[in-house]
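Raw contents of run-v4.cif, mmCIF, C-alpha atoms:
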data_query
#
loop_
_atom_site.label_atom_id
_atom_site.label_comp_id
_atom_site.auth_asym_id
_atom_site.auth_seq_id
_atom_site.Cartn_x
_atom_site.Cartn_y
_atom_site.Cartn_z
CA MET A 63 213.54 97.37 52.36
CA TYR A 64 215.14 100.81 52.35
CA MET A 65 212.68 102.19 54.94
CA ARG A 66 213.19 99.13 57.13
CA VAL A 67 216.97 99.72 57.13
CA ILE A 68 216.45 103.38 58.06
CA SER A 69 214.09 102.40 60.89
CA ILE A 70 216.57 99.83 62.25
CA PHE A 71 219.35 102.42 62.03
CA PHE A 72 217.42 104.91 64.21
CA TRP A 73 216.53 102.26 66.79
CA VAL A 74 220.16 101.08 67.01
CA ILE A 75 221.24 104.66 67.77
CA PHE A 76 218.47 105.03 70.37
CA LEU A 77 219.28 101.79 72.17
CA ALA A 78 223.00 102.53 72.13
CA SER A 79 222.44 105.95 73.65
CA CYS A 80 220.34 104.45 76.47
CA GLU A 81 223.41 102.67 77.80
CA THR A 82 224.91 105.93 79.05
CA TYR A 83 222.06 107.25 81.20
CA THR A 84 219.01 106.13 83.16
CA VAL A 85 215.64 106.16 81.44
CA ASN A 86 212.34 105.41 83.16
CA MET A 87 210.76 103.19 80.50
CA ARG A 88 207.36 103.51 82.19
CA ALA A 89 207.32 107.09 80.92
CA LEU A 90 205.58 107.27 77.57
CA PRO A 91 207.64 108.38 74.56
CA VAL A 92 207.04 111.67 72.77
CA PHE A 93 209.11 113.24 70.02
CA ALA A 94 210.66 116.64 69.33
CA GLU A 95 209.46 118.41 66.19
CA PHE A 96 212.60 120.53 65.89
CA GLU A 97 215.61 121.72 67.86
CA THR A 98 217.48 124.98 68.20
CA GLU A 99 221.01 125.65 67.11
CA ALA A 100 223.56 124.59 69.69
CA VAL A 101 224.72 127.13 72.26
CA ALA A 102 228.12 128.73 71.78
CA SER A 103 229.74 127.36 74.95
CA GLY A 104 230.91 123.79 75.38
CA GLY A 105 230.25 121.46 78.28
CA ASP A 106 227.26 121.91 80.59
CA ALA A 107 226.15 125.26 79.18
CA ALA A 108 222.52 125.42 77.97
CA ASP A 109 220.13 125.61 80.90
CA ASP A 110 216.74 127.33 80.86
CA PRO A 111 214.30 128.53 78.15
CA ALA A 112 211.39 130.97 78.08
CA ILE A 113 208.85 131.57 75.30
CA TRP A 114 208.01 135.09 74.09
CA ILE A 115 204.70 135.39 72.23
CA ASN A 116 204.65 137.94 69.41
CA PRO A 117 201.29 139.72 69.88
CA GLN A 118 201.06 140.80 66.23
CA ASP A 119 202.17 137.56 64.59
CA PRO A 120 202.45 134.42 66.78
CA ALA A 121 204.53 132.69 64.09
CA GLN A 122 207.24 135.28 64.78
CA SER A 123 207.44 134.33 68.46
CA LEU A 124 210.81 133.60 70.03
CA ILE A 125 212.55 131.21 72.39
CA LEU A 126 214.96 132.72 74.91
CA GLY A 127 217.56 130.30 76.25
CA THR A 128 220.40 130.75 78.71
CA ASP A 129 223.97 129.79 77.90
CA LYS A 130 225.05 129.67 81.53
CA LEU A 131 228.68 130.21 80.62
CA SER A 132 228.29 133.29 78.43
CA GLY A 133 224.86 134.91 78.07
CA LEU A 134 221.36 134.82 76.61
CA ALA A 135 220.48 133.29 73.24
CA VAL A 136 217.33 134.17 71.28
CA TYR A 137 215.92 131.74 68.68
CA ASN A 138 213.08 131.92 66.17
CA LEU A 139 210.54 129.13 65.68
CA GLN A 140 212.80 127.46 63.15
CA GLY A 141 215.44 127.07 65.86
CA GLU A 142 217.75 129.65 64.31
CA LEU A 143 219.79 132.00 66.49
CA VAL A 144 218.60 135.58 65.85
CA GLN A 145 220.24 137.44 68.77
CA PHE A 146 222.81 136.81 71.47
CA LEU A 147 223.46 138.99 74.51
CA GLU A 148 226.88 138.51 76.13
CA GLN A 149 225.93 138.96 79.77
CA GLY A 150 228.14 136.41 81.48
CA ARG A 151 226.91 133.35 83.36
CA LEU A 152 223.14 133.66 83.09
CA ASN A 153 221.61 130.63 84.74
CA ASN A 154 217.78 130.82 84.54
CA VAL A 155 215.40 133.07 82.60
CA ASP A 156 211.68 133.89 82.73
CA LEU A 157 209.44 136.58 81.25
CA ARG A 158 206.02 138.22 81.45
CA SER A 159 204.12 140.28 78.88
CA ASN A 160 201.53 142.98 79.60
CA VAL A 161 203.55 144.40 82.47
CA ILE A 162 202.67 147.97 83.40
CA LEU A 163 205.67 150.23 83.99
CA ASN A 164 205.18 153.97 84.43
CA GLY A 165 201.76 153.70 82.79
CA GLN A 166 203.07 151.85 79.73
CA ILE A 167 202.54 148.20 78.78
CA THR A 168 205.71 146.26 78.08
CA THR A 169 207.35 142.82 78.27
CA LEU A 170 210.10 142.10 80.79
CA ALA A 171 212.44 139.15 81.07
CA VAL A 172 214.64 138.40 84.08
CA ALA A 173 217.73 136.22 84.42
CA THR A 174 220.05 135.29 87.29
CA ASN A 175 223.59 136.47 86.59
CA ARG A 176 226.20 134.43 88.44
CA SER A 177 229.10 136.47 87.04
CA ASP A 178 227.88 139.79 88.48
CA THR A 179 225.66 138.41 91.30
CA THR A 180 222.71 140.34 89.90
CA LEU A 181 219.18 139.93 88.69
CA ASP A 182 219.40 141.08 85.08
CA ILE A 183 216.19 142.69 83.79
CA PHE A 184 215.58 142.83 80.04
CA GLU A 185 212.90 144.51 77.96
CA ILE A 186 211.49 142.87 74.82
CA SER A 187 210.19 145.22 72.13
CA ASN A 188 207.12 144.57 70.00
CA ASN A 189 209.34 143.26 67.19
CA GLY A 190 211.16 140.87 69.51
CA GLN A 191 214.38 142.78 70.13
CA VAL A 192 215.81 142.00 73.57
CA SER A 193 217.79 144.65 75.45
CA LEU A 194 219.24 144.91 78.95
CA ARG A 195 217.29 147.40 81.07
CA TYR A 196 218.74 147.08 84.58
CA GLN A 197 220.98 144.96 86.84
CA GLN A 198 219.71 144.54 90.39
CA PRO A 199 222.50 143.57 92.86
CA LEU A 200 221.64 140.48 94.90
CA ALA A 201 222.63 139.79 98.50
CA MET A 202 223.25 136.09 97.92
CA THR A 203 226.34 134.04 97.23
CA ASP A 204 225.25 132.17 94.10
CA PRO A 205 222.12 133.29 92.16
CA TYR A 206 220.50 130.24 90.63
CA GLY A 207 216.82 129.95 89.71
CA VAL A 208 214.30 132.68 88.89
CA CYS A 209 210.65 133.02 87.89
CA MET A 210 208.33 135.94 87.29
CA TYR A 211 204.82 136.77 88.42
CA ARG A 212 202.35 139.39 87.15
CA ASP A 213 199.41 140.26 89.36
CA GLN A 214 195.94 141.29 88.22
CA GLN A 215 196.95 144.99 88.25
CA GLY A 216 199.82 144.34 85.84
CA LEU A 217 202.59 144.70 88.44
CA ALA A 218 205.57 142.40 87.94
CA PHE A 219 207.48 140.44 90.57
CA ALA A 220 210.44 138.06 90.54
CA PHE A 221 211.32 135.15 92.84
CA VAL A 222 215.08 134.55 92.91
CA ASN A 223 216.86 131.69 94.65
CA SER A 224 220.42 130.84 95.57
CA SER A 225 222.10 127.44 95.52
CA ASP A 226 222.36 127.55 99.33
CA GLY A 227 218.54 127.52 99.71
CA ILE A 228 217.72 131.23 100.04
CA TYR A 229 214.68 132.68 98.23
CA GLN A 230 214.07 136.41 97.71
CA GLN A 231 211.09 138.18 96.15
CA PHE A 232 211.35 141.51 94.33
CA GLN A 233 208.69 143.84 93.00
CA LEU A 234 209.87 145.28 89.69
CA THR A 235 208.89 148.94 89.81
CA GLU A 236 209.84 152.08 87.92
CA ARG A 237 210.65 155.57 89.05
CA MET A 238 209.12 158.62 87.41
CA ASN A 239 212.36 159.21 85.51
CA GLY A 240 211.95 155.85 83.76
CA GLU A 241 214.63 153.97 85.69
CA LEU A 242 213.82 150.60 87.19
CA SER A 243 214.00 150.40 90.97
CA PRO A 244 213.21 146.86 92.19
CA ILE A 245 212.03 146.55 95.79
CA LEU A 246 213.05 143.59 97.96
CA LEU A 247 209.87 142.32 99.63
CA GLY A 248 211.47 139.67 101.83
CA SER A 249 213.13 136.27 101.91
CA PHE A 250 212.86 132.73 103.22
CA SER A 251 214.96 129.59 102.97
CA VAL A 252 214.64 125.86 102.38
CA ALA A 253 216.82 123.03 103.67
CA SER A 254 218.63 122.22 100.42
CA GLN A 255 219.24 123.54 96.93
CA PRO A 256 216.26 124.89 94.96
CA GLU A 257 216.18 126.03 91.33
CA GLY A 258 213.15 125.65 89.06
CA CYS A 259 210.01 127.62 89.90
CA VAL A 260 206.82 128.99 88.35
CA VAL A 261 203.91 131.20 89.44
CA ASP A 262 200.33 130.69 88.30
CA ASP A 263 199.33 134.31 87.74
CA LEU A 264 195.58 133.65 87.79
CA ASP A 265 195.39 132.22 91.30
CA SER A 266 198.68 133.68 92.62
CA MET A 267 200.15 130.32 93.59
CA PHE A 268 203.90 129.77 93.61
CA TYR A 269 205.43 126.36 92.83
CA PHE A 270 209.12 125.66 93.32
CA GLY A 271 211.41 122.68 93.29
CA GLU A 272 213.80 121.65 96.02
CA GLU A 273 216.08 119.52 93.88
CA GLU A 274 216.62 116.58 96.25
CA ALA A 275 213.24 116.73 97.98
CA GLY A 276 210.33 117.55 95.66
CA ILE A 277 207.90 120.30 94.63
CA TRP A 278 206.44 122.89 97.01
CA ARG A 279 203.34 125.06 96.65
CA MET A 280 202.63 128.32 98.50
CA PRO A 281 200.93 131.70 97.92
CA ALA A 282 203.01 134.01 95.71
CA ASP A 283 203.95 136.13 98.71
CA VAL A 284 207.35 135.71 100.35
CA ASN A 285 205.83 136.59 103.73
CA ARG A 286 203.57 133.51 103.58
CA ALA A 287 206.38 130.98 103.15
CA ASP A 288 205.29 129.18 106.32
CA GLU A 289 202.14 128.11 104.43
CA ARG A 290 204.07 126.05 101.88
CA VAL A 291 203.14 122.40 101.39
CA MET A 292 204.95 119.72 99.42
CA ILE A 293 202.77 118.38 96.60
CA ALA A 294 205.23 115.85 95.09
CA GLN A 295 208.27 114.08 96.51
CA THR A 296 211.35 112.57 94.95
CA GLY A 297 211.69 108.82 95.32
CA SER A 298 207.93 108.38 95.02
CA GLY A 299 208.06 106.87 91.54
CA GLU A 300 206.99 110.20 90.05
CA LEU A 301 210.15 112.26 90.48
CA THR A 302 213.80 111.25 90.58
CA ALA A 303 216.21 113.88 91.89
CA ASP A 304 217.11 116.39 90.72
CA VAL A 305 213.82 118.24 90.34
CA GLU A 306 214.67 120.91 87.79
CA GLY A 307 212.53 123.01 85.41
CA LEU A 308 208.87 123.77 86.20
CA ASP A 309 206.14 125.43 84.17
CA ILE A 310 202.34 125.50 83.90
CA TYR A 311 200.31 124.59 80.83
CA ARG A 312 197.05 126.54 80.97
CA HIS A 313 194.50 126.04 78.20
CA SER A 314 191.53 128.27 77.36
CA ASP A 315 189.22 125.36 78.27
CA GLY A 316 190.33 125.74 81.90
CA SER A 317 192.73 122.80 82.12
CA ARG A 318 195.95 123.45 84.08
CA TYR A 319 198.93 121.11 84.22
CA LEU A 320 202.17 121.54 86.14
CA ILE A 321 205.05 119.95 84.25
CA ALA A 322 208.35 119.17 85.99
CA SER A 323 211.73 117.98 84.77
CA SER A 324 212.62 114.79 86.63
CA GLN A 325 216.30 114.97 85.76
CA GLY A 326 217.43 111.79 87.49
CA ASP A 327 215.45 109.52 85.15
CA ASN A 328 215.24 111.84 82.12
CA THR A 329 211.46 112.25 82.20
CA TYR A 330 208.80 114.93 82.66
CA ALA A 331 206.05 114.49 85.26
CA LEU A 332 202.60 116.07 84.87
CA TYR A 333 200.23 117.12 87.67
CA ASP A 334 196.60 118.23 87.38
CA LEU A 335 196.31 121.57 89.17
CA ASN A 336 192.51 121.44 88.89
CA ASN A 337 192.44 118.18 90.83
CA ALA A 338 194.62 118.55 93.96
CA ALA A 339 197.82 118.34 91.87
CA ILE A 340 197.21 114.64 91.26
CA TYR A 341 199.98 112.90 89.30
CA LEU A 342 198.86 112.12 85.74
CA GLY A 343 201.91 110.30 84.42
CA SER A 344 205.26 110.97 82.81
CA VAL A 345 206.68 111.31 79.33
CA ARG A 346 210.18 111.09 77.92
CA VAL A 347 211.53 112.61 74.71
CA ALA A 348 212.71 109.76 72.51
CA LEU A 349 214.58 109.77 69.20
CA ASN A 350 212.21 110.93 66.47
CA PRO A 351 212.47 108.32 63.67
CA LEU A 352 210.85 110.68 61.15
CA ASN A 353 213.14 113.69 61.42
CA GLY A 354 216.16 112.35 63.33
CA VAL A 355 215.90 114.80 66.26
CA ASP A 356 217.61 112.98 69.10
CA ALA A 357 216.31 111.91 72.49
CA VAL A 358 216.62 114.29 75.44
CA GLN A 359 218.52 113.68 78.65
CA GLU A 360 219.28 115.51 81.90
CA THR A 361 216.93 118.43 81.27
CA ASP A 362 217.52 121.49 83.42
CA GLY A 363 214.97 124.12 82.43
CA LEU A 364 211.76 123.99 80.41
CA SER A 365 208.96 126.29 79.23
CA VAL A 366 205.48 125.65 77.84
CA THR A 367 202.65 127.52 76.11
CA SER A 368 199.15 126.43 75.11
CA LEU A 369 198.91 128.92 72.26
CA ALA A 370 198.99 127.61 68.67
CA LEU A 371 201.93 129.70 67.53
CA VAL A 372 202.14 127.82 64.23
CA SER A 373 199.82 125.24 62.65
CA ARG A 374 201.99 122.26 63.55
CA PHE A 375 201.49 123.04 67.25
CA PRO A 376 197.68 123.26 67.49
CA GLN A 377 197.71 122.82 71.30
CA GLY A 378 200.93 124.70 71.95
CA MET A 379 204.45 123.49 72.58
CA LEU A 380 206.96 122.46 75.23
CA VAL A 381 210.59 123.62 75.06
CA VAL A 382 213.19 121.64 77.03
CA GLN A 383 216.94 121.89 77.49
CA ASP A 384 218.88 118.87 76.24
CA GLY A 385 221.96 117.90 78.22
CA TYR A 386 223.45 115.62 75.55
CA ASN A 387 222.43 116.62 71.98
CA GLU A 388 223.64 113.44 70.35
CA ASN A 389 222.45 113.12 66.75
CA PRO A 390 224.94 114.33 65.66
CA ARG A 391 226.98 114.97 68.78
CA GLU A 392 227.09 118.75 69.31
CA LYS A 393 227.09 121.31 72.08
CA GLN A 394 223.90 121.45 74.14
CA ASN A 395 220.66 122.93 72.78
CA PHE A 396 216.88 123.09 73.25
CA LYS A 397 214.24 120.72 71.85
CA VAL A 398 210.63 121.62 70.95
CA ILE A 399 207.76 119.13 71.42
CA SER A 400 204.15 119.54 70.31
CA TRP A 401 201.79 119.52 73.30
CA GLU A 402 199.37 117.50 71.18
CA ASN A 403 201.94 114.69 71.25
CA ILE A 404 202.05 114.85 75.06
CA SER A 405 198.29 115.10 75.39
CA ASN A 406 197.73 112.06 73.18
CA ALA A 407 200.36 110.02 75.01
CA LEU A 408 198.82 110.64 78.45
CA GLY A 409 195.18 110.76 77.34
CA LEU A 410 194.63 114.32 78.55
CA LYS A 411 191.51 116.28 77.70
#

Output the structure of this file as structure tokens.
Amino acid sequence: MYMRVISIFFWVIFLASCETYTVNMRALPVFAEFETEAVASGGDAADDPAIWINPQDPAQSLILGTDKLSGLAVYNLQGELVQFLEQGRLNNVDLRSNVILNGQITTLAVATNRSDTTLDIFEISNNGQVSLRYQQPLAMTDPYGVCMYRDQQGLAFAFVNSSDGIYQQFQLTERMNGELSPILLGSFSVASQPEGCVVDDLDSMFYFGEEEAGIWRMPADVNRADERVMIAQTGSGELTADVEGLDIYRHSDGSRYLIASSQGDNTYALYDLNNAAIYLGSVRVALNPLNGVDAVQETDGLSVTSLALVSRFPQGMLVVQDGYNENPREKQNFKVISWENISNALGLK
């Protein structure tokens, strides 16, 4: 009787919460295993995560998450805040390991800084300490989304966009004196506001969202923007505007899935990149009746890895921003879902 009362209690909370936002009930439910501490700022503050893999001990890996009103938060895999960098209004963040700078291998993270109108470049040490390395001034009115790319030679690049539709690509290079000196490679523009983006490093393909329109694919070369093609459109039953966070799940067995935040209906759409980006289905993060971690709504950014960082995530994990954070009601945060849960829901390989 006791367990039945608890179960009813959770479902009452879930159904009550559904009255305040749209949920595509055709999307299959998955559940978050844990959540991070709430960000420091109130209102619409948390935005975009990135996952840093500790090469010595995967269980000591970290989640970087932007507080777009005050800076960059760093969490451990228990969701605890371990570092905070007060950098102003950092909107999106991405990172790449095994980057070669001045003959040395390192890890770089980049974030769009709307306070200083810069691309902030951070270095992550082997023990996970994050430090600001350089601020690259940007010739755009409102820096918004960003994603990184590492080519087969270990050179790092960043795609940066502005809310007015401009995209720029930088090569992140280093002078002999050790200072960073990013090079602007070029720019292009789209008709409306972009934000989320991701590059598949292995085949050098660039995917980016135009929030009201859909998802584009093009070579990871700003000078080949005229080759872009739209692979998924809003209003098609797959995506509901805004299209927000994008990332690629790549498994050692060769499978590759593009996952996109369909913010308008609080779901996540999956596409098979090994099969002409065919739509595989959608999931939604529902209230977890076992641990009480609440449902997720209005996700901005997301990040995914296929590596088993800890035993409870044997196929990796997905990190998503939560726009509500309801149980209990707190400031926004990030939720962590086992990829195995997603794979089972959609019947993936």

**OP:** Pull out every residue that the PyMOL selection byres ((chain A and resi 218-221) around 8) matches in the shown coordinates and put them as a list in words.
**Re:**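 On the file shown, the PyMOL selection byres ((chain A and resi 218-221) around 8) covers Arg158, Val161, Ile162, Val172, Val208, Cys209, Met210, Tyr211, Arg212, Asp213, Gly216, Leu217, Val222, Asn223, Tyr229, Gln230, Gln231, Phe232, Gln233, Leu234 and Thr235 of chain A.
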
Box for stretch 212-221 of chain A: with edges along x, y and z, all listed atoms inside and 5 Å added on each side, what are the centre and edge lengths in Å to one decimal, as JSON?
{"center_x": 203.6, "center_y": 140.1, "center_z": 89.3, "size_x": 25.4, "size_y": 19.8, "size_z": 17.0}

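Distance annotation: of A:Lys130, A:Arg312, A:Arg237, A:Arg279, the residue with the minimal separation from A:Ala339 is A:Arg279; atom set is only C-alpha atoms.
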
Subject >> Selected residue, from A:Gln118, A:Glu273, A:His313, A:Cys259, that lies nearest to A:Asp156 when counting all atoms listed in the file >> reply: A:Cys259

**OP:** Determine the nearest neighbour of A:Asn138 from the options A:Phe250, A:Phe270, A:Tyr206, A:Phe96, counting only C-alpha atoms.
**Re:**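 Residue with the minimum atom-to-atom distance to A:Asn138: A:Phe96.
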
Can you give me all heavy atoms for stretch 352-363 of chain A, written as an mmCIF file, in the coordinates of the input?
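Generated output (result_39.cif):
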data_model
loop_
_atom_site.group_PDB
_atom_site.id
_atom_site.type_symbol
_atom_site.label_atom_id
_atom_site.label_comp_id
_atom_site.auth_asym_id
_atom_site.auth_seq_id
_atom_site.Cartn_x
_atom_site.Cartn_y
_atom_site.Cartn_z
ATOM 1 N N LEU A 352 211.255 110.010 62.391
ATOM 2 C CA LEU A 352 210.850 110.680 61.150
ATOM 3 C C LEU A 352 211.776 111.816 60.762
ATOM 4 O O LEU A 352 212.021 112.054 59.578
ATOM 5 C CB LEU A 352 209.416 111.194 61.293
ATOM 6 C CG LEU A 352 208.343 110.125 61.516
ATOM 7 C CD1 LEU A 352 206.971 110.770 61.637
ATOM 8 C CD2 LEU A 352 208.359 109.101 60.382
ATOM 9 N N ASN A 353 212.270 112.556 61.760
ATOM 10 C CA ASN A 353 213.140 113.690 61.420
ATOM 11 C C ASN A 353 214.539 113.595 62.009
ATOM 12 O O ASN A 353 215.381 114.466 61.771
ATOM 13 C CB ASN A 353 212.481 115.011 61.844
ATOM 14 C CG ASN A 353 212.217 115.081 63.349
ATOM 15 O OD1 ASN A 353 212.831 114.369 64.134
ATOM 16 N ND2 ASN A 353 211.294 115.951 63.748
ATOM 17 N N GLY A 354 214.823 112.565 62.802
ATOM 18 C CA GLY A 354 216.160 112.350 63.330
ATOM 19 C C GLY A 354 216.529 113.198 64.529
ATOM 20 O O GLY A 354 217.665 113.119 65.009
ATOM 21 N N VAL A 355 215.586 114.011 65.066
ATOM 22 C CA VAL A 355 215.900 114.800 66.260
ATOM 23 C C VAL A 355 216.086 113.848 67.435
ATOM 24 O O VAL A 355 215.237 112.995 67.703
ATOM 25 C CB VAL A 355 214.803 115.830 66.567
ATOM 26 C CG1 VAL A 355 215.149 116.602 67.839
ATOM 27 C CG2 VAL A 355 214.641 116.800 65.408
ATOM 28 N N ASP A 356 217.206 113.975 68.111
ATOM 29 C CA ASP A 356 217.610 112.980 69.100
ATOM 30 C C ASP A 356 216.786 113.030 70.374
ATOM 31 O O ASP A 356 216.044 113.978 70.638
ATOM 32 C CB ASP A 356 219.096 113.160 69.447
ATOM 33 C CG ASP A 356 219.425 114.566 69.925
ATOM 34 O OD1 ASP A 356 219.239 115.510 69.139
ATOM 35 O OD2 ASP A 356 219.860 114.726 71.078
ATOM 36 N N ALA A 357 216.939 111.987 71.174
ATOM 37 C CA ALA A 357 216.310 111.910 72.490
ATOM 38 C C ALA A 357 216.893 112.977 73.405
ATOM 39 O O ALA A 357 217.953 113.545 73.133
ATOM 40 C CB ALA A 357 216.518 110.519 73.079
ATOM 41 N N VAL A 358 216.202 113.239 74.506
ATOM 42 C CA VAL A 358 216.620 114.290 75.440
ATOM 43 C C VAL A 358 216.976 113.676 76.779
ATOM 44 O O VAL A 358 216.264 112.813 77.290
ATOM 45 C CB VAL A 358 215.504 115.339 75.609
ATOM 46 C CG1 VAL A 358 215.919 116.388 76.634
ATOM 47 C CG2 VAL A 358 215.192 116.007 74.276
ATOM 48 N N GLN A 359 218.084 114.158 77.347
ATOM 49 C CA GLN A 359 218.520 113.680 78.650
ATOM 50 C C GLN A 359 218.905 114.844 79.555
ATOM 51 O O GLN A 359 219.306 115.907 79.089
ATOM 52 C CB GLN A 359 219.736 112.739 78.521
ATOM 53 C CG GLN A 359 219.525 111.542 77.617
ATOM 54 C CD GLN A 359 219.733 111.872 76.153
ATOM 55 O OE1 GLN A 359 220.532 112.733 75.805
ATOM 56 N NE2 GLN A 359 219.019 111.172 75.284
ATOM 57 N N GLU A 360 218.790 114.604 80.850
ATOM 58 C CA GLU A 360 219.280 115.510 81.900
ATOM 59 C C GLU A 360 218.794 116.942 81.704
ATOM 60 O O GLU A 360 219.567 117.905 81.783
ATOM 61 C CB GLU A 360 220.808 115.448 81.985
ATOM 62 C CG GLU A 360 221.310 114.080 82.418
ATOM 63 C CD GLU A 360 222.800 114.055 82.704
ATOM 64 O OE1 GLU A 360 223.446 115.125 82.634
ATOM 65 O OE2 GLU A 360 223.321 112.970 82.989
ATOM 66 N N THR A 361 217.488 117.096 81.480
ATOM 67 C CA THR A 361 216.930 118.430 81.270
ATOM 68 C C THR A 361 217.025 119.279 82.530
ATOM 69 O O THR A 361 216.618 118.863 83.604
ATOM 70 C CB THR A 361 215.456 118.328 80.826
ATOM 71 O OG1 THR A 361 215.418 117.818 79.496
ATOM 72 C CG2 THR A 361 214.772 119.682 80.855
ATOM 73 N N ASP A 362 217.544 120.480 82.357
ATOM 74 C CA ASP A 362 217.520 121.490 83.420
ATOM 75 C C ASP A 362 216.207 122.256 83.327
ATOM 76 O O ASP A 362 215.259 121.941 83.999
ATOM 77 C CB ASP A 362 218.727 122.423 83.289
ATOM 78 C CG ASP A 362 220.026 121.771 83.727
ATOM 79 O OD1 ASP A 362 220.006 121.051 84.730
ATOM 80 O OD2 ASP A 362 221.057 121.987 83.071
ATOM 81 N N GLY A 363 216.153 123.286 82.496
ATOM 82 C CA GLY A 363 214.970 124.120 82.430
ATOM 83 C C GLY A 363 214.019 123.734 81.312
ATOM 84 O O GLY A 363 214.388 123.049 80.355
#
